[in-house]
Structures are given as structure tokens and as C-alpha cells.
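Following: one structure in C-alpha cells, then a few remarks.
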Amino acid sequence: MAFIVALAGSLVIVIVTASAASADCVADPVTGEVHCEDEDDGDDGGDDGGSSTCSTSSGTEIPCTGPGGSVWSSSHQCWVGDVWDPGGEGAQPPPGQTNQDGAWHICYWPPPGSSWDPVWIQNGEVTIDPVVLAQRAIASMDLDPIQIGIVPESGPNRVGLVGLPVWMWVDSPTDDTFGPITASASEGSVSVSATASVANIVWDMGDGTTVTCTGEGTPYADHYGKQDSPTCGHRYEKMSTDQPDGAYQVTATSHWVVEWTGGGQSGTIEFDLTTDALPIRIGEAQVLTQ
């Protein structure tokens with residue numbers, strides 16, 4: 001995963017790839033120390049943009065969500081959680097403040113030397129980073145991989161021929177499989193709007209080659225005959241009989257680009273969604289002579 005942030009300016013850029021690992025943070029209920037562990041989410045379908053990282057002032061990457069659902073705040077440099085309840089008569093507000101002006105919240109410090117302390121947050125104070133809201137907006141889009149359109153078709157009785165053109169395209173594209181699609185998310189006075197669309201599709205043809213195509217591709221029709229696809233195509237050079245189940249396993253990986261703005265900042269989030277493998281059988285034409 002790559003992450004670039006300019007804290008002093010207005011530009012925040014987040015790049016999320018399907019191979020990125022997520023991180024879990026847990027607070028020790030006795031000591032208050034916070035421990036974070038990276039672990040692979042194992043999702044073959046790619047990342048939906050919900051697992052990007054935030055950054056400390058020193059540039060260290062950390063999860064945007066901390067212990068107990070707390071949210072990273074660049075202004076406080078900690079994960080801000082629930083209202084702190086010490087019991088008894090409760091905590092007294094700082095000098096010059098009243099309980100109507102704000103509240104004490106649990107502030108989880110990131111590693112190293114992690115622990116938590118109460119932090120006073122005034123009513124209306126913005127604590128959430130806009131990138132967190134951008135991730136929420138993306139999650140609400142419920143984005144999916146494309147539906148594969150391909151000739152030769154997949155099926156037990158369908159066989160393409162070595163050397164003939166293969167056509168690939170996005171079958172029945174929708175807002176949530178190709179975009180553009182826009183959603184927003186808000187918390188307090190901060191609102192973020194995000195627009196997502198597919199920039200390109202990388203086709204893994206199962207024979208060791210990949211084809212990168214922009215746009216939706218061109219659906220095949222009988223009148224095209226043996227022409228190459230004008231937008232997205234391939235040719236197999238040998239039969240698929242030596243492949244598992246006798247077929248090439250074709251996948252399509254959509255590269256999504258999300259432009260977001262809000263909270264006085266803007267940025268770009270990128271991630272991939274990959275289809276399940278589709279078996280395509282390739283054979284050779286047989287010529288009979290007598």
C-alpha cells in the first residue's frame with residue numbers, strides 16, 4: 001500500500017491496492033496500552049476502499065479506525081473514542097469550560113509507547129479526518145467486480161480456436177460495476193463527497209499474458225466475423241488442454257479511481273476489484289482428408 005499525505009496543505013492522496021494488509025488495534029483493558037497488528041484479509045475479490053490507512057504527523061501509516069471503533073484525529077494525533085466516564089462524580093471540565101461546552105473523550109495514542117488519556121473536546125470541534133468519511137462514502141457505494149463479456153463463451157460445449165480473435169468487454173455495465181457513481185458521508189459539521197469510476201481493466205487471460213483495456217470494450221456480434229476487437233482483444237497461441245480442467249482461467253481486475261472532496265481537503269483513492277475465474281476452452285481446427 002502506498003500512502004502520501006501533506007498535513008500542512010490541502011492535498012491528501014491515498015492509494016489502496018488489493019494486496020494491502022489491514023491492521024487491527026486492541027487496547028489492553030488493564031494497562032490502557034494499544035497494540036496494532038498487520039494481517040492479510042485474504043479477500044481475493046480485492047479491496048473495496050474501506051481499509052486505507054491514515055497518517056501521523058511523522059508520516060507513520062496507521063489504521064483510520066482504532067480500538068473500540070475510535071477514529072483517527074490528525075488534530076489530536078490519536079484515535080478519539082467514546083466519552084470518558086471515570087465514575088463517581090465524573091470528570092470536571094478544564095478551567096473556563098463547563099459540561100455544556102464539551103466533554104472528555106478517550107484518546108488512544110498510537111504505538112510506540114501507546115496508551116490512552118482523556119482529551120477535552122469542545123462541542124462542534126472537528127475530530128474526524130475527511131479521509132475516513134471518504135472511505136465511508138465508498139463503502140456505501142457497494143461496488144462490485146464487472147460481469148465478464150467474452151467470446152469465445154465459457155461453457156462445457158463452447159470451444160474457441162487457436163489463433164482466432166478473442167473479444168473481451170464489460171457485460172451489462174452498471175453504476176456499481178463500472179461507474180461513475182457518487183456518494184457522500186457526514187459527521188458533525190464535516191461532509192465529504194466521493195465519485196468513483198473504473199479507469200481500466202486488466203484481463204488475465206490464463207495463458208501467462210495480461211491485457212489492459214480502457215473503457216467498457218466492444219461486445220461481439222456475428223457480423224464482425226474473424227475481425228479483431230477494436231477496443232479489447234487477445235489471441236491464444238496454443239490449446240488449453242494442458243490447463244487445469246482443460247481451460248484457461250480468465251479474470252478481469254477493475255482499477256477503481258475515487259476523487260473525493262470535503263472538510264477543506266481533497267484526494268484520490270485507488271483500489272482493485274477482481275472477478276471470479278471464468279474457464280475458456282481453446283482447441284485447434286481439425287482438417288479431414290480422404
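Lettering and numbering for the C-alpha cells are positional, with chains as A, B, ... in the shown order, residues counted from 1 in each chain, and ligands counted from 1 in the shown order.
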
For the strand (DSSP E) assignment from backbone DSSP, which residues of stretch 70-241 of chain A qualify? Please present them as a PyMOL selection string. chain A and resi 71-73+78-83+102-108+116-122+147-151+160-161+165-171+181-187+190-204+210-213+233-235

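For stretch 66-210 of chain A, backbone-based DSSP assignment of alpha helix (DSSP H) covers Pro130, Val131, Val132, Leu133, Ala134, Gln135, Arg136, Ala137, Ile138, Ala139, Ser140 and Met141 of chain A.
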
Residue subset to file, keeping N, CA, C and O atoms, as a short mmCIF file (atom, residue, chain, number, x, y, z; two decimals), in the first residue's frame:
data_model
loop_
_atom_site.label_atom_id
_atom_site.label_comp_id
_atom_site.auth_asym_id
_atom_site.auth_seq_id
_atom_site.Cartn_x
_atom_site.Cartn_y
_atom_site.Cartn_z
N PRO A 130 -11.23 13.80 7.12
CA PRO A 130 -12.10 13.65 5.95
C PRO A 130 -11.88 12.33 5.19
O PRO A 130 -12.81 11.80 4.60
N VAL A 131 -10.62 11.79 5.22
CA VAL A 131 -10.38 10.54 4.50
C VAL A 131 -11.21 9.41 5.08
O VAL A 131 -11.61 8.49 4.37
N VAL A 132 -11.49 9.46 6.37
CA VAL A 132 -12.34 8.43 6.99
C VAL A 132 -13.74 8.51 6.42
O VAL A 132 -14.37 7.49 6.11
N LEU A 133 -14.26 9.73 6.26
CA LEU A 133 -15.58 9.90 5.67
C LEU A 133 -15.58 9.48 4.21
O LEU A 133 -16.57 8.94 3.71
N ALA A 134 -14.47 9.74 3.51
CA ALA A 134 -14.37 9.29 2.11
C ALA A 134 -14.48 7.78 2.04
O ALA A 134 -15.16 7.23 1.16
N GLN A 135 -13.84 7.08 2.97
CA GLN A 135 -13.93 5.62 2.99
C GLN A 135 -15.36 5.16 3.28
O GLN A 135 -15.84 4.18 2.71
N ARG A 136 -16.04 5.87 4.16
CA ARG A 136 -17.44 5.52 4.45
C ARG A 136 -18.32 5.72 3.21
O ARG A 136 -19.22 4.93 2.94
N ALA A 137 -18.05 6.78 2.49
CA ALA A 137 -18.82 7.04 1.27
C ALA A 137 -18.60 5.93 0.26
O ALA A 137 -19.54 5.45 -0.39
N ILE A 138 -17.35 5.49 0.11
CA ILE A 138 -17.05 4.40 -0.82
C ILE A 138 -17.75 3.12 -0.39
O ILE A 138 -18.31 2.39 -1.21
N ALA A 139 -17.69 2.83 0.91
CA ALA A 139 -18.34 1.61 1.40
C ALA A 139 -19.83 1.61 1.10
O ALA A 139 -20.41 0.56 0.79
N SER A 140 -20.45 2.79 1.15
CA SER A 140 -21.90 2.87 0.89
C SER A 140 -22.24 2.65 -0.58
O SER A 140 -23.38 2.37 -0.92
N MET A 141 -21.23 2.76 -1.47
CA MET A 141 -21.48 2.52 -2.90
C MET A 141 -21.71 1.05 -3.22
O MET A 141 -22.28 0.71 -4.25
#

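Counting only C-alpha atoms and comparing A:Gly179, A:Gly160, A:Pro95, A:Gly262, the residue that lies closest to A:Ser191 is A:Gly262.
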
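Among the candidates A:Thr209, A:Gln92, A:Asn99, A:Thr182, the one nearest to A:Pro118 when counting only C-alpha atoms is A:Gln92.
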
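Taking atom CA of A:Val258 and atom CA of A:Gly124 as endpoints, the distance between them is 28.2 Å.
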